[in-house]
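Structure file start.txt; described as compact mmCIF, C-alpha atoms and all ligand atoms.
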# COMPACT_ATOMS: atom_id res chain seq x y z
CA MET A 1 -25.62 -29.53 -30.84
CA ILE A 2 -23.96 -31.90 -28.38
CA ASN A 3 -24.83 -35.54 -27.64
CA LYS A 4 -26.05 -34.94 -24.14
CA PRO A 5 -27.09 -31.64 -22.58
CA ILE A 6 -25.42 -30.59 -19.33
CA VAL A 7 -27.11 -29.41 -16.14
CA ALA A 8 -24.70 -28.08 -13.54
CA GLY A 9 -25.67 -26.85 -10.08
CA ASN A 10 -23.41 -24.13 -8.71
CA TRP A 11 -24.00 -24.08 -4.95
CA LYS A 12 -21.86 -20.97 -4.40
CA MET A 13 -21.18 -20.50 -0.64
CA PHE A 14 -24.04 -22.70 0.57
CA LYS A 15 -24.23 -26.08 2.35
CA THR A 16 -21.88 -27.67 4.87
CA PRO A 17 -20.25 -31.00 3.90
CA GLN A 18 -22.99 -32.90 5.80
CA GLU A 19 -25.80 -30.92 4.17
CA GLY A 20 -24.20 -31.38 0.77
CA PHE A 21 -23.79 -35.12 1.30
CA SER A 22 -27.49 -35.63 2.18
CA PHE A 23 -28.57 -33.41 -0.69
CA VAL A 24 -26.55 -35.35 -3.27
CA GLU A 25 -27.68 -38.70 -1.84
CA GLU A 26 -31.31 -37.65 -2.29
CA CYS A 27 -30.70 -36.36 -5.81
CA VAL A 28 -28.85 -39.52 -6.87
CA ASN A 29 -31.83 -41.66 -5.88
CA LEU A 30 -34.21 -39.46 -7.87
CA LEU A 31 -31.94 -39.32 -10.91
CA LEU A 32 -31.43 -43.05 -11.48
CA LYS A 33 -33.51 -42.94 -14.66
CA ILE A 34 -31.74 -39.92 -16.12
CA LYS A 35 -29.48 -41.22 -18.87
CA GLU A 36 -29.62 -38.40 -21.40
CA VAL A 37 -28.30 -35.50 -19.30
CA ASN A 38 -24.84 -34.92 -17.90
CA VAL A 39 -25.48 -33.80 -14.33
CA ILE A 40 -22.80 -31.89 -12.44
CA PHE A 41 -22.74 -30.85 -8.77
CA SER A 42 -20.54 -27.91 -7.86
CA PRO A 43 -20.33 -27.68 -4.06
CA PRO A 44 -17.88 -25.52 -2.08
CA PHE A 45 -14.34 -26.96 -1.78
CA THR A 46 -15.05 -28.27 1.72
CA ALA A 47 -17.72 -30.72 0.49
CA LEU A 48 -15.96 -32.09 -2.61
CA PHE A 49 -14.18 -35.02 -0.95
CA HIS A 50 -17.28 -36.32 0.85
CA ILE A 51 -19.51 -36.04 -2.18
CA GLU A 52 -17.04 -37.87 -4.42
CA SER A 53 -17.67 -40.97 -2.31
CA ILE A 54 -21.32 -40.99 -3.47
CA LEU A 55 -20.71 -39.96 -7.06
CA LYS A 56 -17.87 -42.33 -7.92
CA HIS A 57 -20.31 -45.17 -8.60
CA THR A 58 -22.62 -43.01 -10.72
CA PRO A 59 -22.36 -41.16 -14.06
CA LEU A 60 -22.92 -37.86 -12.19
CA ALA A 61 -19.95 -35.52 -12.05
CA LEU A 62 -18.30 -33.10 -9.67
CA ALA A 63 -17.13 -29.54 -10.37
CA ALA A 64 -15.14 -27.07 -8.31
CA GLN A 65 -16.15 -23.40 -8.26
CA ASN A 66 -12.64 -22.02 -8.62
CA VAL A 67 -8.95 -23.00 -8.70
CA HIS A 68 -5.56 -21.33 -8.59
CA TYR A 69 -3.49 -21.27 -11.75
CA ALA A 70 -0.22 -22.30 -10.11
CA ASP A 71 0.53 -25.99 -9.58
CA LYS A 72 1.60 -25.46 -5.97
CA GLY A 73 3.32 -22.91 -3.78
CA ALA A 74 2.95 -20.25 -1.13
CA PHE A 75 -0.57 -19.11 -2.06
CA THR A 76 -2.45 -18.93 1.23
CA GLY A 77 -6.11 -19.76 0.85
CA GLU A 78 -5.83 -21.20 -2.64
CA ILE A 79 -6.51 -24.67 -4.09
CA SER A 80 -4.60 -26.41 -6.91
CA THR A 81 -5.75 -28.65 -9.76
CA ASP A 82 -3.97 -31.66 -8.14
CA MET A 83 -6.00 -31.16 -4.97
CA LEU A 84 -9.20 -31.02 -7.01
CA SER A 85 -8.33 -34.12 -9.05
CA ALA A 86 -7.65 -36.02 -5.83
CA CYS A 87 -11.23 -35.21 -4.76
CA GLY A 88 -12.67 -36.67 -7.97
CA VAL A 89 -13.34 -33.32 -9.61
CA GLU A 90 -13.87 -33.39 -13.38
CA TYR A 91 -14.94 -29.78 -14.15
CA VAL A 92 -13.92 -26.38 -12.80
CA ILE A 93 -16.07 -23.25 -13.08
CA ILE A 94 -13.83 -20.39 -14.16
CA GLY A 95 -14.57 -16.69 -14.51
CA HIS A 96 -17.97 -16.77 -12.82
CA SER A 97 -19.44 -13.28 -12.72
CA GLU A 98 -19.08 -13.20 -8.92
CA ARG A 99 -15.36 -13.96 -9.31
CA ARG A 100 -15.04 -11.28 -11.99
CA HIS A 101 -17.13 -8.57 -10.30
CA VAL A 102 -16.94 -9.23 -6.55
CA PHE A 103 -13.34 -10.47 -6.43
CA ASN A 104 -12.09 -8.43 -9.41
CA GLU A 105 -10.60 -11.42 -11.23
CA PRO A 106 -9.08 -10.10 -14.43
CA ASN A 107 -9.26 -11.83 -17.83
CA ASP A 108 -5.60 -12.82 -17.74
CA TRP A 109 -6.07 -14.80 -14.48
CA ILE A 110 -9.11 -16.44 -15.99
CA ASN A 111 -7.07 -17.42 -19.02
CA LYS A 112 -4.25 -18.83 -16.86
CA LYS A 113 -6.79 -20.86 -14.92
CA VAL A 114 -8.37 -22.24 -18.12
CA LEU A 115 -4.93 -23.34 -19.36
CA THR A 116 -3.91 -24.86 -16.02
CA VAL A 117 -7.18 -26.77 -15.73
CA LEU A 118 -6.93 -28.17 -19.26
CA ARG A 119 -3.32 -29.19 -18.80
CA ALA A 120 -4.27 -31.00 -15.59
CA GLY A 121 -6.78 -33.09 -17.57
CA LEU A 122 -9.80 -31.28 -16.09
CA LYS A 123 -12.58 -29.46 -17.97
CA PRO A 124 -13.12 -25.72 -17.56
CA ILE A 125 -16.63 -24.26 -17.56
CA LEU A 126 -15.71 -20.78 -18.77
CA CYS A 127 -18.34 -18.21 -17.76
CA ILE A 128 -18.97 -15.11 -19.82
CA GLY A 129 -21.65 -12.46 -19.73
CA GLU A 130 -22.44 -8.76 -19.86
CA THR A 131 -23.59 -6.36 -17.14
CA LEU A 132 -26.86 -4.44 -17.44
CA GLU A 133 -25.00 -1.24 -18.37
CA GLN A 134 -23.12 -3.06 -21.11
CA ARG A 135 -26.37 -4.52 -22.48
CA LYS A 136 -28.09 -1.12 -22.38
CA SER A 137 -25.24 0.43 -24.34
CA ASN A 138 -25.32 -2.36 -26.95
CA GLU A 139 -21.95 -3.74 -25.93
CA THR A 140 -23.07 -7.33 -25.28
CA GLN A 141 -21.50 -8.85 -28.39
CA GLN A 142 -18.25 -6.95 -27.86
CA VAL A 143 -18.03 -8.05 -24.20
CA LEU A 144 -18.64 -11.70 -25.07
CA LYS A 145 -15.94 -11.47 -27.72
CA GLU A 146 -13.42 -9.86 -25.37
CA GLN A 147 -14.07 -12.45 -22.66
CA LEU A 148 -13.81 -15.37 -25.10
CA VAL A 149 -10.72 -14.10 -26.90
CA ALA A 150 -8.95 -13.45 -23.59
CA GLY A 151 -10.23 -16.53 -21.77
CA LEU A 152 -9.36 -18.97 -24.56
CA ALA A 153 -5.97 -17.49 -25.53
CA GLY A 154 -3.50 -20.34 -26.06
CA VAL A 155 -6.15 -23.09 -25.94
CA SER A 156 -5.47 -25.54 -28.79
CA GLU A 157 -8.08 -27.01 -31.14
CA ASN A 158 -7.72 -30.40 -29.43
CA GLU A 159 -8.14 -28.89 -25.98
CA MET A 160 -11.38 -27.21 -27.07
CA ALA A 161 -13.05 -30.66 -26.94
CA ASN A 162 -12.87 -30.35 -23.14
CA VAL A 163 -14.07 -26.76 -22.82
CA VAL A 164 -17.62 -25.87 -21.78
CA ILE A 165 -18.87 -22.28 -22.05
CA ALA A 166 -21.57 -20.80 -19.83
CA TYR A 167 -23.36 -17.62 -20.92
CA GLU A 168 -24.56 -15.92 -17.76
CA PRO A 169 -25.81 -12.35 -18.18
CA VAL A 170 -24.76 -10.64 -14.93
CA TRP A 171 -28.12 -8.86 -14.60
CA ALA A 172 -29.99 -12.20 -14.62
CA ILE A 173 -27.95 -13.90 -11.88
CA GLY A 174 -29.83 -14.28 -8.60
CA THR A 175 -32.22 -11.49 -9.55
CA GLY A 176 -35.24 -13.44 -10.78
CA GLU A 177 -34.79 -11.47 -14.00
CA ILE A 178 -34.70 -13.93 -16.90
CA ALA A 179 -33.18 -13.22 -20.26
CA SER A 180 -35.83 -13.55 -22.96
CA VAL A 181 -35.78 -16.36 -25.50
CA ALA A 182 -34.68 -13.82 -28.12
CA GLN A 183 -31.83 -12.49 -25.94
CA VAL A 184 -30.62 -15.99 -25.06
CA THR A 185 -30.82 -17.19 -28.66
CA GLU A 186 -28.89 -14.16 -29.88
CA ALA A 187 -26.17 -14.37 -27.22
CA HIS A 188 -25.67 -18.11 -27.75
CA GLY A 189 -25.54 -17.58 -31.53
CA ASP A 190 -22.98 -14.78 -31.10
CA THR A 191 -20.91 -16.95 -28.74
CA ARG A 192 -20.88 -19.84 -31.21
CA ASN A 193 -19.93 -17.50 -34.07
CA ILE A 194 -17.05 -16.07 -32.05
CA VAL A 195 -15.79 -19.61 -31.31
CA GLU A 196 -16.06 -20.39 -35.02
CA ASP A 197 -14.01 -17.29 -35.89
CA LEU A 198 -11.39 -18.23 -33.30
CA TYR A 199 -11.30 -21.96 -34.25
CA ASN A 200 -13.51 -23.60 -36.88
CA HIS A 201 -17.04 -24.66 -37.72
CA ASN A 202 -16.77 -28.13 -36.19
CA ILE A 203 -15.46 -26.92 -32.86
CA ALA A 204 -18.17 -24.25 -32.71
CA ARG A 205 -20.86 -26.80 -33.57
CA ASN A 206 -19.74 -29.31 -30.96
CA ILE A 207 -18.98 -27.07 -28.01
CA ALA A 208 -21.50 -27.04 -25.14
CA ILE A 209 -22.84 -23.56 -24.38
CA LEU A 210 -24.88 -23.45 -21.17
CA TYR A 211 -27.26 -20.70 -20.09
CA GLY A 212 -27.23 -19.42 -16.50
CA GLY A 213 -29.28 -16.77 -14.74
CA SER A 214 -32.48 -17.36 -12.73
CA VAL A 215 -33.17 -20.77 -14.33
CA LYS A 216 -36.12 -22.44 -12.57
CA PRO A 217 -38.41 -25.38 -13.33
CA GLU A 218 -41.00 -22.89 -14.65
CA ASN A 219 -38.74 -21.38 -17.32
CA SER A 220 -36.46 -24.29 -18.12
CA GLU A 221 -38.60 -25.81 -20.88
CA GLU A 222 -38.62 -22.68 -23.02
CA LEU A 223 -34.94 -22.00 -22.30
CA ILE A 224 -33.72 -25.51 -23.19
CA LYS A 225 -35.62 -25.26 -26.48
CA CYS A 226 -33.75 -22.07 -27.44
CA PRO A 227 -31.48 -22.71 -30.41
CA GLY A 228 -27.89 -23.07 -29.24
CA VAL A 229 -28.66 -23.76 -25.56
CA ASP A 230 -26.99 -27.04 -24.51
CA GLY A 231 -27.95 -27.01 -20.85
CA PHE A 232 -27.85 -24.85 -17.75
CA LEU A 233 -25.60 -23.55 -15.00
CA ILE A 234 -27.98 -23.08 -12.09
CA GLY A 235 -27.56 -21.21 -8.81
CA GLY A 236 -30.52 -20.84 -6.44
CA ALA A 237 -32.71 -23.55 -7.97
CA ALA A 238 -29.84 -26.06 -7.69
CA LEU A 239 -29.95 -25.88 -3.88
CA LYS A 240 -33.30 -27.65 -3.53
CA VAL A 241 -33.75 -31.31 -4.43
CA ASP A 242 -37.15 -30.79 -6.08
CA SER A 243 -36.28 -27.87 -8.27
CA PHE A 244 -32.87 -29.22 -9.33
CA THR A 245 -34.12 -32.71 -10.22
CA ASN A 246 -37.23 -31.30 -11.96
CA ILE A 247 -35.10 -29.09 -14.17
CA ILE A 248 -32.95 -32.10 -15.10
CA LYS A 249 -36.05 -34.08 -16.09
CA ILE A 250 -37.37 -31.15 -18.13
CA VAL A 251 -34.02 -30.91 -19.93
CA GLN A 252 -34.01 -34.65 -20.66
CA ASP A 253 -37.53 -34.44 -22.13
CA ASN A 254 -37.07 -31.25 -24.13
CA TYR A 255 -33.49 -30.94 -25.40
CA PRO A 256 -33.91 -31.13 -29.16
CA LYS A 257 -32.58 -34.33 -30.70
CA GLU A 258 -30.49 -34.07 -33.84
P1 LIG B 1 -29.09 -18.13 -10.21
O1 LIG B 1 -29.61 -19.37 -10.90
O2 LIG B 1 -29.34 -18.11 -8.74
O3 LIG B 1 -29.55 -16.89 -10.92
O4 LIG B 1 -27.48 -18.15 -10.36
C1 LIG B 1 -26.93 -18.41 -11.60
C2 LIG B 1 -25.49 -18.63 -11.45
O5 LIG B 1 -24.75 -17.73 -11.08
C3 LIG B 1 -24.96 -19.97 -11.72
O6 LIG B 1 -23.58 -19.97 -11.79

Could you take the file, read its structure, and then write that structure out as structure tokens?
Amino acid sequence: MINKPIVAGNWKMFKTPQEGFSFVEECVNLLLKIKEVNVIFSPPFTALFHIESILKHTPLALAAQNVHYADKGAFTGEISTDMLSACGVEYVIIGHSERRHVFNEPNDWINKKVLTVLRAGLKPILCIGETLEQRKSNETQQVLKEQLVAGLAGVSENEMANVVIAYEPVWAIGTGEIASVAQVTEAHGDTRNIVEDLYNHNIARNIAILYGGSVKPENSEELIKCPGVDGFLIGGAALKVDSFTNIIKIVQDNYPKE
């Protein structure tokens, strides 16, 4: 269990800089009383710089949705950790299922990105999760293990203090299909056990493991009460002020206290 749960909104390829700015301004005003949740906005690259100007006077944080693993160079279309830091970014989503499955990002790139992000003083949100076929053939645990072993290769015990993991079953992303309490509890338990095997009990106990996949205000109370769930990585419901801020309030009211 962590001190404060995390709620991160992954906007994917939605909202112009102006739309993002107004959205965050509205959310900030509604979230003034939220002290017990770490709230993270993850807009597209083009909106990061603008939004930083609102967030820098608040405890709310900014995440990028991707990064390149090289520090600089001839990589047309890519963005480096220095560029993200200069925009006030604190977290970087890495290995999102859309990056893995739509853009064919392999585990070794994901691992290089995790290492680059940590060494730049930023915090990776490492996404893992199985496809429907893998779940149906009982491979979920094996897939989570492979993704964690590969993604965290070379990450030191000290660096693990800055790593966040997000369990996002691919079949539950953007589909309205929600993993059951039993499935979420089991996957989060397996993830924590794998981290314990790779590191130690303390690291496994203190690492934040978020759930992502069709999280909405209606299901967020039962999901945040699942053992081992330390918050959410939200797609669709993070694009509307009402649903995003409601989920944050529900998390503040229902995350179990130690
Ligand atoms: P949805 O909440 O739209 O299912 O998306 C989840 C997700 O991919 C967050 O990264």

Practice task
Counting only C-alpha atoms and all ligand atoms, figure out which residue out of A:Phe49, A:Tyr255, A:Tyr199, A:Tyr167 gets nearest to ligand LIG 1 (chain B).
Solution key: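 Closest residue, counting only C-alpha atoms and all ligand atoms: A:Tyr167.
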
Exercise for the section: Write out as number ranges by chain each polymer residue whose atoms come within 12 Å of Leu132 (chain A), counting all atoms listed in the file; drop sequence neighbours fewer than 5 positions from it. Expected result: A: 137-140, 143, 168-173, 175, 177, 179

Selection file, C-alpha atoms, as a compact mmCIF listing (two decimals), in the frame of the given file:
# COMPACT_ATOMS: atom_id res chain seq x y z
CA SER A 137 -25.24 0.43 -24.34
CA ASN A 138 -25.32 -2.36 -26.95
CA GLU A 139 -21.95 -3.74 -25.93
CA THR A 140 -23.07 -7.33 -25.28
CA VAL A 143 -18.03 -8.05 -24.20
CA GLU A 168 -24.56 -15.92 -17.76
CA PRO A 169 -25.81 -12.35 -18.18
CA VAL A 170 -24.76 -10.64 -14.93
CA TRP A 171 -28.12 -8.86 -14.60
CA ALA A 172 -29.99 -12.20 -14.62
CA ILE A 173 -27.95 -13.90 -11.88
CA THR A 175 -32.22 -11.49 -9.55
CA GLU A 177 -34.79 -11.47 -14.00
CA ALA A 179 -33.18 -13.22 -20.26

Problem - region 69-79 of chain A surroundings by all atoms listed in the file, 6 Å radius, close-in-sequence under 5 positions cut, as a list in words - result: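 Non-adjacent residues within range: Lys112, Lys113 and Thr116 of chain A.
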
Exercise for the section: Show me which residues sit within 9 Å of ligand LIG 1 (chain B) when counting all atoms listed in the file, and put them as a count of residues only. Expected result: 36

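For the pair CA of Leu118 (chain A) and CA of Thr58 (chain A), the interatomic distance is 23.2 Å.
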
Residue contacts of region 184-187 of chain A (6 Å, only C-alpha atoms) excluding same-chain residues fewer than 2 positions away, as a tab-separated table (two decimals) with C-alpha atoms, keeping the file's coordinate frame:
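This is the output file part15.tsv:
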chain	number	residue	atom	x	y	z
A	181	VAL	CA	-35.78	-16.36	-25.50
A	182	ALA	CA	-34.68	-13.82	-28.12
A	189	GLY	CA	-25.54	-17.58	-31.53
A	190	ASP	CA	-22.98	-14.78	-31.10
A	226	CYS	CA	-33.75	-22.07	-27.44
A	227	PRO	CA	-31.48	-22.71	-30.41

Exercise for the section: Find the distance between CA of Val163 (chain A) and CA of Lys33 (chain A) and write it in Å to one decimal. Expected result: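 About the pair CA of Val163 (chain A) and CA of Lys33 (chain A): they are 26.6 Å apart.
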
Practice task
For Glu218 (chain A), please output as a list of chain:residue names all residues within 12 Å (counting all atoms listed in the file; exclusion window: fewer than 6 positions along the same chain).
Solution key: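 Using all atoms listed in the file, the neighbours found are A:Gly176, A:Ile178, A:Ile224, A:Ala237, A:Ser243, A:Phe244, A:Asn246, A:Ile247, A:Ile250, A:Val251.
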
Handout entry: Distance in Å - CA of Leu55 (chain A) versus CA of Ser42 (chain A)
Key = 12.1 Å

Practice task
Measuring atom to atom with all atoms listed in the file, identify which of A:Val155, A:Pro217, A:Gln141, A:Gln147 is nearest to Gln183 (chain A).
Solution key: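 Distance minimum relative to Gln183 (chain A) lands on A:Gln141.
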
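For Gly88 (chain A), the residues within 8 Å (counting only C-alpha atoms, excluding itself and residues fewer than 6 positions away along the chain) are Leu48, Phe49, Glu52, Lys56 and Leu62 of chain A.
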
Problem - Selected residue of minimal separation from Asn111 (chain A) among A:Leu210, A:Ile94, A:Thr131, A:Asn200, counting all atoms listed in the file - result: A:Ile94

Exercise for the section: Would you be able to write out as a ChimeraX atom specification which residues have an atom within 12 Å of (-12.0, -12.3, -28.0) in the file's coordinates, counting all atoms listed in the file? Expected result: /A:107,111,128,141-154,190-191,193-199

Exercise for the section: Compare A:Glu36, A:His68, A:Lys136, A:Ser220 by their minimum atom-to-atom distance to Ile2 (chain A), counting all atoms listed in the file, and give me the closest one. Expected result: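 When distances to Ile2 (chain A) are compared using all atoms listed in the file, the smallest one comes from A:Glu36.
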
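Considering all atoms listed in the file, the residue among A:Lys4, A:Arg119, A:Lys257, A:His50 positioned nearest to Gln18 (chain A) is A:His50.
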
Exercise for the section: Find, counting all atoms listed in the file, the residue in A:Met1, A:Met13, A:Val241, A:Ala120 that gets nearest to His188 (chain A). Expected result: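 Ranking A:Met1, A:Met13, A:Val241, A:Ala120 by distance to His188 (chain A), first place goes to A:Met1.
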
Regenerate region 100-113 of chain A at the level of N, CA, C and O atoms and dump it as an mmCIF file, keeping the file's coordinate frame.
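Saved to result35.cif:
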data_model
loop_
_atom_site.group_PDB
_atom_site.id
_atom_site.type_symbol
_atom_site.label_atom_id
_atom_site.label_comp_id
_atom_site.auth_asym_id
_atom_site.auth_seq_id
_atom_site.Cartn_x
_atom_site.Cartn_y
_atom_site.Cartn_z
ATOM 1 N N ARG A 100 -15.492 -12.437 -11.203
ATOM 2 C CA ARG A 100 -15.040 -11.280 -11.990
ATOM 3 C C ARG A 100 -15.399 -9.968 -11.283
ATOM 4 O O ARG A 100 -14.579 -9.054 -11.188
ATOM 5 N N HIS A 101 -16.645 -9.874 -10.771
ATOM 6 C CA HIS A 101 -17.130 -8.570 -10.300
ATOM 7 C C HIS A 101 -16.978 -8.350 -8.802
ATOM 8 O O HIS A 101 -16.757 -7.231 -8.375
ATOM 9 N N VAL A 102 -17.086 -9.423 -7.995
ATOM 10 C CA VAL A 102 -16.940 -9.230 -6.550
ATOM 11 C C VAL A 102 -15.473 -9.345 -6.154
ATOM 12 O O VAL A 102 -14.995 -8.623 -5.295
ATOM 13 N N PHE A 103 -14.738 -10.252 -6.800
ATOM 14 C CA PHE A 103 -13.340 -10.470 -6.430
ATOM 15 C C PHE A 103 -12.354 -9.888 -7.449
ATOM 16 O O PHE A 103 -11.158 -10.139 -7.370
ATOM 17 N N ASN A 104 -12.919 -9.147 -8.417
ATOM 18 C CA ASN A 104 -12.090 -8.430 -9.410
ATOM 19 C C ASN A 104 -11.110 -9.326 -10.145
ATOM 20 O O ASN A 104 -9.969 -8.923 -10.403
ATOM 21 N N GLU A 105 -11.514 -10.540 -10.480
ATOM 22 C CA GLU A 105 -10.600 -11.420 -11.230
ATOM 23 C C GLU A 105 -10.474 -10.912 -12.666
ATOM 24 O O GLU A 105 -11.458 -10.780 -13.372
ATOM 25 N N PRO A 106 -9.261 -10.615 -13.076
ATOM 26 C CA PRO A 106 -9.080 -10.100 -14.430
ATOM 27 C C PRO A 106 -9.048 -11.229 -15.473
ATOM 28 O O PRO A 106 -8.836 -12.392 -15.145
ATOM 29 N N ASN A 107 -9.255 -10.846 -16.730
ATOM 30 C CA ASN A 107 -9.260 -11.830 -17.830
ATOM 31 C C ASN A 107 -7.978 -12.643 -17.892
ATOM 32 O O ASN A 107 -8.010 -13.814 -18.254
ATOM 33 N N ASP A 108 -6.833 -12.040 -17.567
ATOM 34 C CA ASP A 108 -5.600 -12.820 -17.740
ATOM 35 C C ASP A 108 -5.478 -13.922 -16.669
ATOM 36 O O ASP A 108 -4.936 -14.989 -16.941
ATOM 37 N N TRP A 109 -6.024 -13.714 -15.490
ATOM 38 C CA TRP A 109 -6.070 -14.800 -14.480
ATOM 39 C C TRP A 109 -6.980 -15.906 -14.982
ATOM 40 O O TRP A 109 -6.696 -17.090 -14.827
ATOM 41 N N ILE A 110 -8.119 -15.474 -15.519
ATOM 42 C CA ILE A 110 -9.110 -16.440 -15.990
ATOM 43 C C ILE A 110 -8.479 -17.303 -17.075
ATOM 44 O O ILE A 110 -8.618 -18.526 -17.080
ATOM 45 N N ASN A 111 -7.750 -16.676 -17.964
ATOM 46 C CA ASN A 111 -7.070 -17.420 -19.020
ATOM 47 C C ASN A 111 -6.033 -18.394 -18.444
ATOM 48 O O ASN A 111 -5.967 -19.564 -18.846
ATOM 49 N N LYS A 112 -5.257 -17.933 -17.460
ATOM 50 C CA LYS A 112 -4.250 -18.830 -16.860
ATOM 51 C C LYS A 112 -4.930 -20.021 -16.201
ATOM 52 O O LYS A 112 -4.433 -21.145 -16.237
ATOM 53 N N LYS A 113 -6.066 -19.777 -15.572
ATOM 54 C CA LYS A 113 -6.790 -20.860 -14.920
ATOM 55 C C LYS A 113 -7.309 -21.855 -15.954
ATOM 56 O O LYS A 113 -7.230 -23.069 -15.757
#
